[in-house]
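*Asks:* First, the structure itself, so that you have it in front of you.
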Amino acid sequence: MTALIVADGLTVRYGQQAPILWQTDLTIATNEIVALVGPSGCGKSTLLNAIAGFIPYEGTLTMAGDAIKGPASQRGVVFQNSSLYPWYDVAQNIGFGLRAAQQAPAVVQARVTQLLQLIDLEGQAHKKVFALSGGMRQRVAIARALAPRPPLLLLDEPFGALDAFTRQKMQQLMLSIWRQEQVSLLLITHDLNEALFCGSRIAVMTSTSRQLIATLANPYQGRTEPELSGVQLQQREQFQQRLLTLINQ
Ligand SMILES: Nc1ncnc2c1ncn2[C@@H]1O[C@H](COP(=O)(O)OP(=O)(O)OP(=O)(O)O)[C@@H](O)[C@H]1O
């Protein structure tokens with residue numbers, strides 16, 4: 001496992017307040033999904049924003065060995081309500097970063113076509129984004145973030161505003177994107193089932209710890225309940241219970 005992101009003694013404070021994160025350690029390996037769970041307000045987004053390069057920090061925070069000093073196209077970010085450019089259509093939104101980086105039009109078009117297929121929106125390339133459903137908009141936001149082929153995608157509750165059915169479809173889509181694009185993901189979620197389905201590992205924060213208190217390998221990634229035997233379901237339940245106990249510490 002090669003480390004892509006290394007946080008070592010990461011501390012973040014807003015102004016003169018007590019630190020929100022205190023001496024936190026985290027490693028994200030290449031090609032893994034770390035699902036980050038914890039109660040509301042414990043500092044999950046703060047950790048993600050530090051990795052994105054959006055906020056200052058103390059301690060060590062590197063990507064592929066280089067200190068993170070600000071936002072960079074190597075780190076795609078998707079929020080719960082990602083704002084797309086309303087004056088562009090779906091394809092133009094996806095290609096935005098590539099055009100901004102002055103990639104050749106043929107390169108942009110090939111990548112956009114590939115991503116449209118990946119997110120299953122080939123037929124919607126020229127639709128304006130205000131005409132899309134919430135799930136479709138999030139798919140476009142993910143494709144836009146993936147367009148420059150970042151080694152890392154940071155997802156802050158990306159499916160939090162979607163209905164349960166769409167959310168499940170999005171989780172499956174995200175796993176298939178992850179497998180095809182060979183990208184590492186940090187996924188913040190409030191939904192333990194989502195963490196269990198998506199995460200290669202599950203990192204836990206609590207309200208009082210101001211740091212990650214555990215990072216557990218997840219044997220249930222990509223496995224739906226009907227695929228599991230009775231015993232496996234019981235074990236999964238116990239694992240989920242263990243996570244809940246940790247979160248509520
Ligand atoms: N820009 C900021 N300035 C001051 N305080 C902030 C700022 N951003 C976040 N905070 C505070 O830091 C703490 C952690 O917030 P953060 O958003 O990181 O938590 P979270 O675990 O992601 O919460 P949620 O699950 O509700 O999104 C909260 O008390 C929040 O009010």
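Naming scheme: A, B, ... for chains in displayed order of the structure tokens; residues 1 onward per chain; ligands 1 onward as shown.
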In region 73-114 of chain A, what's strand (DSSP E) per DSSP? Answer as a PyMOL selection string?

*Replies:* chain A and resi 75-78

*Asks:* Can you build me a table of chain A residues sitting at most 12 Å from ligand 1, with the closest atom pair per residue and its distance in Å to one decimal, using only C-alpha atoms and all ligand atoms, sorted by chain and residue number, as CSV?

*Replies:*
residue,atom,partner,partner_atom_place_in_ligand_line,distance
A:Val12,CA,ligand 1,12 (O),9.3
A:Arg13,CA,ligand 1,5 (N),8.0
A:Tyr14,CA,ligand 1,4 (C),4.9
A:Gly15,CA,ligand 1,4 (C),7.2
A:Gln16,CA,ligand 1,4 (C),9.5
A:Gln17,CA,ligand 1,4 (C),8.0
A:Ala18,CA,ligand 1,12 (O),9.7
A:Pro19,CA,ligand 1,12 (O),8.6
A:Ile20,CA,ligand 1,12 (O),5.7
A:Leu21,CA,ligand 1,14 (C),8.4
A:Trp22,CA,ligand 1,14 (C),11.9
A:Leu36,CA,ligand 1,21 (O),9.3
A:Val37,CA,ligand 1,21 (O),8.1
A:Gly38,CA,ligand 1,21 (O),6.4
A:Pro39,CA,ligand 1,25 (O),6.0
A:Ser40,CA,ligand 1,25 (O),3.5
A:Gly41,CA,ligand 1,23 (O),3.4
A:Cys42,CA,ligand 1,21 (O),3.9
A:Gly43,CA,ligand 1,18 (O),3.2
A:Lys44,CA,ligand 1,22 (O),3.9
A:Ser45,CA,ligand 1,22 (O),3.6
A:Thr46,CA,ligand 1,18 (O),3.7
A:Leu47,CA,ligand 1,18 (O),6.6
A:Leu48,CA,ligand 1,18 (O),8.0
A:Asn49,CA,ligand 1,18 (O),8.1
A:Ala50,CA,ligand 1,18 (O),9.8
A:Phe54,CA,ligand 1,1 (N),10.2
A:Ile55,CA,ligand 1,1 (N),8.6
A:Pro56,CA,ligand 1,1 (N),10.9
A:Phe79,CA,ligand 1,27 (O),10.5
A:Gln80,CA,ligand 1,27 (O),9.8
A:Leu155,CA,ligand 1,22 (O),11.4
A:Asp156,CA,ligand 1,22 (O),8.0
A:Glu157,CA,ligand 1,27 (O),8.0
A:Pro158,CA,ligand 1,27 (O),11.4
A:Gly160,CA,ligand 1,27 (O),10.3
A:Leu187,CA,ligand 1,22 (O),11.3
A:Ile188,CA,ligand 1,22 (O),7.9
A:Thr189,CA,ligand 1,25 (O),7.9
A:His190,CA,ligand 1,25 (O),7.0
A:Asp191,CA,ligand 1,25 (O),10.7
A:Val204,CA,ligand 1,21 (O),10.6
A:Met205,CA,ligand 1,21 (O),8.1
A:Thr206,CA,ligand 1,21 (O),8.6
A:Ser207,CA,ligand 1,21 (O),8.0
A:Thr208,CA,ligand 1,14 (C),11.1
A:Ser209,CA,ligand 1,21 (O),11.7
A:Arg210,CA,ligand 1,14 (C),9.1
A:Gln211,CA,ligand 1,21 (O),10.9
A:Leu212,CA,ligand 1,21 (O),11.4
A:Ile247,CA,ligand 1,21 (O),11.4

*Asks:* For those residues, write C-alpha atoms to a file as a JSON list (two decimals), in the first residue's frame.

*Replies:*
[["chain", "number", "residue", "atom", "x", "y", "z"],
["A", 12, "VAL", "CA", -6.34, 23.07, 12.68],
["A", 13, "ARG", "CA", -7.74, 26.06, 14.53],
["A", 14, "TYR", "CA", -10.11, 28.76, 13.40],
["A", 15, "GLY", "CA", -8.86, 32.12, 14.67],
["A", 16, "GLN", "CA", -8.17, 32.24, 18.39],
["A", 17, "GLN", "CA", -10.52, 29.34, 19.22],
["A", 18, "ALA", "CA", -9.33, 26.04, 20.68],
["A", 19, "PRO", "CA", -8.16, 23.71, 17.88],
["A", 20, "ILE", "CA", -10.88, 21.78, 16.05],
["A", 21, "LEU", "CA", -8.36, 19.13, 15.06],
["A", 22, "TRP", "CA", -5.53, 18.33, 17.41],
["A", 36, "LEU", "CA", -14.89, 9.20, 7.42],
["A", 37, "VAL", "CA", -17.66, 9.01, 10.01],
["A", 38, "GLY", "CA", -18.41, 10.87, 13.23],
["A", 39, "PRO", "CA", -21.05, 13.02, 14.89],
["A", 40, "SER", "CA", -22.10, 16.36, 13.47],
["A", 41, "GLY", "CA", -19.61, 19.12, 14.28],
["A", 42, "CYS", "CA", -16.71, 16.82, 15.26],
["A", 43, "GLY", "CA", -14.41, 18.18, 12.53],
["A", 44, "LYS", "CA", -14.82, 15.90, 9.51],
["A", 45, "SER", "CA", -15.21, 18.73, 6.97],
["A", 46, "THR", "CA", -12.35, 20.57, 8.63],
["A", 47, "LEU", "CA", -10.08, 17.59, 7.98],
["A", 48, "LEU", "CA", -11.27, 17.35, 4.37],
["A", 49, "ASN", "CA", -10.84, 21.09, 3.83],
["A", 50, "ALA", "CA", -7.29, 20.95, 5.17],
["A", 54, "PHE", "CA", -8.61, 25.32, 1.61],
["A", 55, "ILE", "CA", -7.52, 26.16, 5.17],
["A", 56, "PRO", "CA", -4.23, 26.64, 7.02],
["A", 79, "PHE", "CA", -19.77, 18.82, -1.78],
["A", 80, "GLN", "CA", -23.34, 17.90, -0.87],
["A", 155, "LEU", "CA", -16.30, 13.94, -1.16],
["A", 156, "ASP", "CA", -18.13, 15.80, 1.61],
["A", 157, "GLU", "CA", -21.53, 14.15, 2.10],
["A", 158, "PRO", "CA", -21.97, 13.99, -1.69],
["A", 160, "GLY", "CA", -26.64, 13.65, 1.63],
["A", 187, "LEU", "CA", -15.74, 10.12, 1.66],
["A", 188, "ILE", "CA", -17.47, 11.91, 4.53],
["A", 189, "THR", "CA", -20.78, 10.34, 5.36],
["A", 190, "HIS", "CA", -23.34, 10.31, 8.18],
["A", 191, "ASP", "CA", -24.69, 7.01, 6.91],
["A", 204, "VAL", "CA", -13.86, 7.36, 13.05],
["A", 205, "MET", "CA", -13.86, 10.78, 14.74],
["A", 206, "THR", "CA", -15.71, 11.70, 17.90],
["A", 207, "SER", "CA", -16.99, 15.00, 19.25],
["A", 208, "THR", "CA", -14.52, 15.02, 22.11],
["A", 209, "SER", "CA", -11.39, 13.48, 20.57],
["A", 210, "ARG", "CA", -10.51, 16.24, 18.06],
["A", 211, "GLN", "CA", -8.72, 13.49, 16.13],
["A", 212, "LEU", "CA", -9.31, 10.14, 14.47],
["A", 247, "ILE", "CA", -18.48, 7.21, 17.34]]

*Asks:* For region 67-73 of chain A, please output as a PyMOL selection string all residues within 12 Å (counting only C-alpha atoms; exclusion window: fewer than 3 positions along the same chain).

*Replies:* chain A and resi 4-8+10+48-64+76-77+97-98+100-101+144-154

*Asks:* Store the residues picked out above in a file with N, CA and C atoms, as a short mmCIF file (atom, residue, chain, number, x, y, z; two decimals), in the first residue's frame.

*Replies:*
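Final file, selection_24.cif:
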data_model
loop_
_atom_site.label_atom_id
_atom_site.label_comp_id
_atom_site.auth_asym_id
_atom_site.auth_seq_id
_atom_site.Cartn_x
_atom_site.Cartn_y
_atom_site.Cartn_z
N LEU A 4 -0.64 7.97 -0.25
CA LEU A 4 -0.83 9.14 -1.11
C LEU A 4 -0.90 10.39 -0.24
N ILE A 5 -1.78 10.33 0.78
CA ILE A 5 -1.91 11.44 1.73
C ILE A 5 -1.37 11.00 3.07
N VAL A 6 -0.54 11.83 3.66
CA VAL A 6 -0.07 11.57 5.02
C VAL A 6 -0.32 12.82 5.86
N ALA A 7 -1.14 12.66 6.89
CA ALA A 7 -1.30 13.72 7.90
C ALA A 7 -0.64 13.21 9.16
N ASP A 8 0.24 14.03 9.70
CA ASP A 8 0.98 13.60 10.89
C ASP A 8 0.97 14.76 11.88
N LEU A 10 -1.55 16.62 12.61
CA LEU A 10 -2.28 17.73 11.95
C LEU A 10 -3.17 18.47 12.95
N LEU A 48 -11.22 17.40 5.84
CA LEU A 48 -11.27 17.35 4.37
C LEU A 48 -10.80 18.67 3.76
N ASN A 49 -11.23 19.78 4.37
CA ASN A 49 -10.84 21.09 3.83
C ASN A 49 -9.34 21.34 3.96
N ALA A 50 -8.75 20.81 5.02
CA ALA A 50 -7.29 20.95 5.17
C ALA A 50 -6.59 20.16 4.06
N ILE A 51 -7.07 18.92 3.81
CA ILE A 51 -6.45 18.10 2.76
C ILE A 51 -6.66 18.75 1.38
N ALA A 52 -7.84 19.37 1.21
CA ALA A 52 -8.10 20.06 -0.08
C ALA A 52 -7.16 21.24 -0.27
N GLY A 53 -6.63 21.76 0.83
CA GLY A 53 -5.77 22.94 0.74
C GLY A 53 -6.54 24.23 0.92
N PHE A 54 -7.76 24.13 1.46
CA PHE A 54 -8.61 25.32 1.61
C PHE A 54 -8.30 26.12 2.88
N ILE A 55 -7.73 25.46 3.89
CA ILE A 55 -7.52 26.16 5.17
C ILE A 55 -6.11 25.90 5.71
N PRO A 56 -5.57 26.85 6.47
CA PRO A 56 -4.23 26.64 7.02
C PRO A 56 -4.22 25.58 8.13
N TYR A 57 -3.08 24.98 8.32
CA TYR A 57 -2.94 23.94 9.34
C TYR A 57 -1.55 24.00 9.95
N GLU A 58 -1.40 23.30 11.05
CA GLU A 58 -0.07 23.09 11.64
C GLU A 58 0.21 21.59 11.58
N GLY A 59 1.48 21.23 11.58
CA GLY A 59 1.84 19.81 11.50
C GLY A 59 2.17 19.46 10.07
N THR A 60 2.21 18.15 9.82
CA THR A 60 2.61 17.67 8.49
C THR A 60 1.38 17.22 7.71
N LEU A 61 1.28 17.67 6.46
CA LEU A 61 0.20 17.22 5.59
C LEU A 61 0.76 17.17 4.18
N THR A 62 0.93 15.96 3.66
CA THR A 62 1.56 15.83 2.34
C THR A 62 0.71 14.99 1.40
N MET A 63 0.90 15.28 0.12
CA MET A 63 0.32 14.43 -0.92
C MET A 63 1.47 13.97 -1.81
N ALA A 64 1.64 12.68 -1.94
CA ALA A 64 2.76 12.09 -2.69
C ALA A 64 4.09 12.73 -2.26
N GLY A 76 -9.59 16.62 -6.42
CA GLY A 76 -10.95 17.01 -6.79
C GLY A 76 -11.81 17.06 -5.54
N VAL A 77 -12.76 17.99 -5.51
CA VAL A 77 -13.63 18.12 -4.34
C VAL A 77 -15.10 18.15 -4.79
N GLY A 97 -12.68 22.32 -16.29
CA GLY A 97 -11.31 22.37 -15.76
C GLY A 97 -10.27 22.10 -16.83
N LEU A 98 -10.63 21.21 -17.76
CA LEU A 98 -9.68 20.87 -18.83
C LEU A 98 -9.51 22.06 -19.78
N ALA A 100 -9.98 25.16 -18.92
CA ALA A 100 -9.25 26.18 -18.17
C ALA A 100 -7.75 25.88 -18.17
N ALA A 101 -7.40 24.59 -18.22
CA ALA A 101 -5.98 24.20 -18.26
C ALA A 101 -5.46 24.19 -19.70
N ARG A 144 -16.99 16.25 -13.27
CA ARG A 144 -16.19 17.48 -13.42
C ARG A 144 -14.93 17.41 -12.55
N ALA A 145 -15.10 16.89 -11.32
CA ALA A 145 -13.94 16.79 -10.42
C ALA A 145 -12.93 15.75 -10.93
N LEU A 146 -13.44 14.71 -11.60
CA LEU A 146 -12.56 13.65 -12.09
C LEU A 146 -11.86 14.00 -13.40
N ALA A 147 -12.38 14.99 -14.10
CA ALA A 147 -11.91 15.27 -15.47
C ALA A 147 -10.38 15.40 -15.57
N PRO A 148 -9.74 16.16 -14.68
CA PRO A 148 -8.27 16.29 -14.83
C PRO A 148 -7.48 15.08 -14.30
N ARG A 149 -8.19 13.99 -14.05
CA ARG A 149 -7.58 12.75 -13.52
C ARG A 149 -6.82 12.99 -12.21
N PRO A 150 -7.48 13.56 -11.22
CA PRO A 150 -6.78 13.75 -9.94
C PRO A 150 -6.56 12.40 -9.27
N PRO A 151 -5.44 12.21 -8.60
CA PRO A 151 -5.23 10.95 -7.88
C PRO A 151 -6.13 10.83 -6.65
N LEU A 152 -6.71 11.98 -6.22
CA LEU A 152 -7.53 11.97 -5.00
C LEU A 152 -8.81 12.76 -5.21
N LEU A 153 -9.91 12.16 -4.78
CA LEU A 153 -11.20 12.86 -4.80
C LEU A 153 -11.70 12.99 -3.36
N LEU A 154 -12.08 14.20 -2.98
CA LEU A 154 -12.56 14.46 -1.63
C LEU A 154 -14.06 14.70 -1.72
#

*Asks:* Using only C-alpha atoms, which residue out of A:Arg201, A:Arg242, A:Lys127, A:Arg167 lies closest to Thr27 (chain A)?

*Replies:*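 Of A:Arg201, A:Arg242, A:Lys127, A:Arg167, the one nearest Thr27 (chain A), counting only C-alpha atoms, is A:Arg201.
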
*Asks:* Just list the residues in region 7-245 of chain A DSSP gives helix (DSSP H, G or I) on the backbone, as a PyMOL selection string.

*Replies:* chain A and resi 44-52+90-100+105-118+122-124+129-131+134-146+164-181+192-198+225-227+230-245

*Asks:* I want to know what sits within 12 Å of Gly95 (chain A), based on only C-alpha atoms, with residues of the same chain fewer than 6 positions away left out; could you give that as a JSON list (two decimals) with C-alpha atoms, in the first residue's frame?

*Replies:*
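Output file selection10.json follows:
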[["chain", "number", "residue", "atom", "x", "y", "z"],
["A", 84, "LEU", "CA", -22.42, 23.63, -11.34],
["A", 85, "TYR", "CA", -22.17, 26.46, -13.86],
["A", 88, "TYR", "CA", -23.10, 25.69, -19.34],
["A", 89, "ASP", "CA", -24.59, 22.39, -20.39],
["A", 101, "ALA", "CA", -5.98, 24.20, -18.26],
["A", 102, "GLN", "CA", -5.89, 24.87, -22.02],
["A", 103, "GLN", "CA", -6.10, 21.25, -23.05],
["A", 104, "ALA", "CA", -6.61, 20.68, -26.78],
["A", 105, "PRO", "CA", -10.32, 20.57, -27.76],
["A", 106, "ALA", "CA", -10.00, 16.96, -29.00],
["A", 107, "VAL", "CA", -8.49, 15.89, -25.66],
["A", 108, "VAL", "CA", -11.29, 17.66, -23.77],
["A", 109, "GLN", "CA", -13.93, 16.07, -25.94],
["A", 110, "ALA", "CA", -12.50, 12.55, -25.58],
["A", 111, "ARG", "CA", -12.31, 12.84, -21.80],
["A", 112, "VAL", "CA", -15.81, 14.34, -21.52],
["A", 113, "THR", "CA", -17.24, 11.54, -23.68],
["A", 114, "GLN", "CA", -15.51, 8.94, -21.50],
["A", 115, "LEU", "CA", -16.84, 10.55, -18.31],
["A", 116, "LEU", "CA", -20.37, 10.89, -19.69],
["A", 125, "ALA", "CA", -24.55, 15.94, -22.78],
["A", 140, "VAL", "CA", -21.95, 15.76, -13.22],
["A", 141, "ALA", "CA", -20.14, 17.29, -10.23],
["A", 142, "ILE", "CA", -18.21, 14.04, -9.72],
["A", 143, "ALA", "CA", -17.34, 13.84, -13.42],
["A", 144, "ARG", "CA", -16.19, 17.48, -13.42],
["A", 145, "ALA", "CA", -13.94, 16.79, -10.42],
["A", 146, "LEU", "CA", -12.56, 13.65, -12.09],
["A", 147, "ALA", "CA", -11.91, 15.27, -15.47],
["A", 148, "PRO", "CA", -8.27, 16.29, -14.83],
["A", 149, "ARG", "CA", -7.58, 12.75, -13.52]]

*Asks:* Could you check which of A:Phe130, A:Phe96, A:Phe159, A:Phe239 is closest to Leu196 (chain A), using only C-alpha atoms?

*Replies:*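 Nearest candidate to Leu196 (chain A) out of A:Phe130, A:Phe96, A:Phe159, A:Phe239: A:Phe239.
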
*Asks:* Applying 8 Å and only C-alpha atoms, which residues near region 220-225 of chain A remain after dropping the ones on its own chain fewer than 3 positions away? List them as a list in words.

*Replies:*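 Answer for this query is Gln172, Leu175, Leu196, Phe197, Cys198, Gly199, Ser200, Leu228, Leu233 and Arg236 of chain A.
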
*Asks:* Taking into account only C-alpha atoms, which residue in the set A:Ile202, A:Met136, A:Met174, A:Val231 is nearest to Leu244 (chain A)?

*Replies:*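 When distances to Leu244 (chain A) are compared using only C-alpha atoms, the smallest one comes from A:Ile202.
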
*Asks:* Quick one: distance from CA of Gly134 (chain A) to CA of Ser83 (chain A) in Å, one decimal?

*Replies:* 11.1 Å

*Asks:* Separation of CA of Leu243 (chain A) and CA of Asn81 (chain A), in Å?

*Replies:*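 Answer for the CA of Leu243 (chain A) to CA of Asn81 (chain A) separation: 26.9 Å.
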
*Asks:* Would you work out the distance separating CA of Asn193 (chain A) from CA of Leu246 (chain A), expressed in Å to one decimal?

*Replies:* 15.5 Å
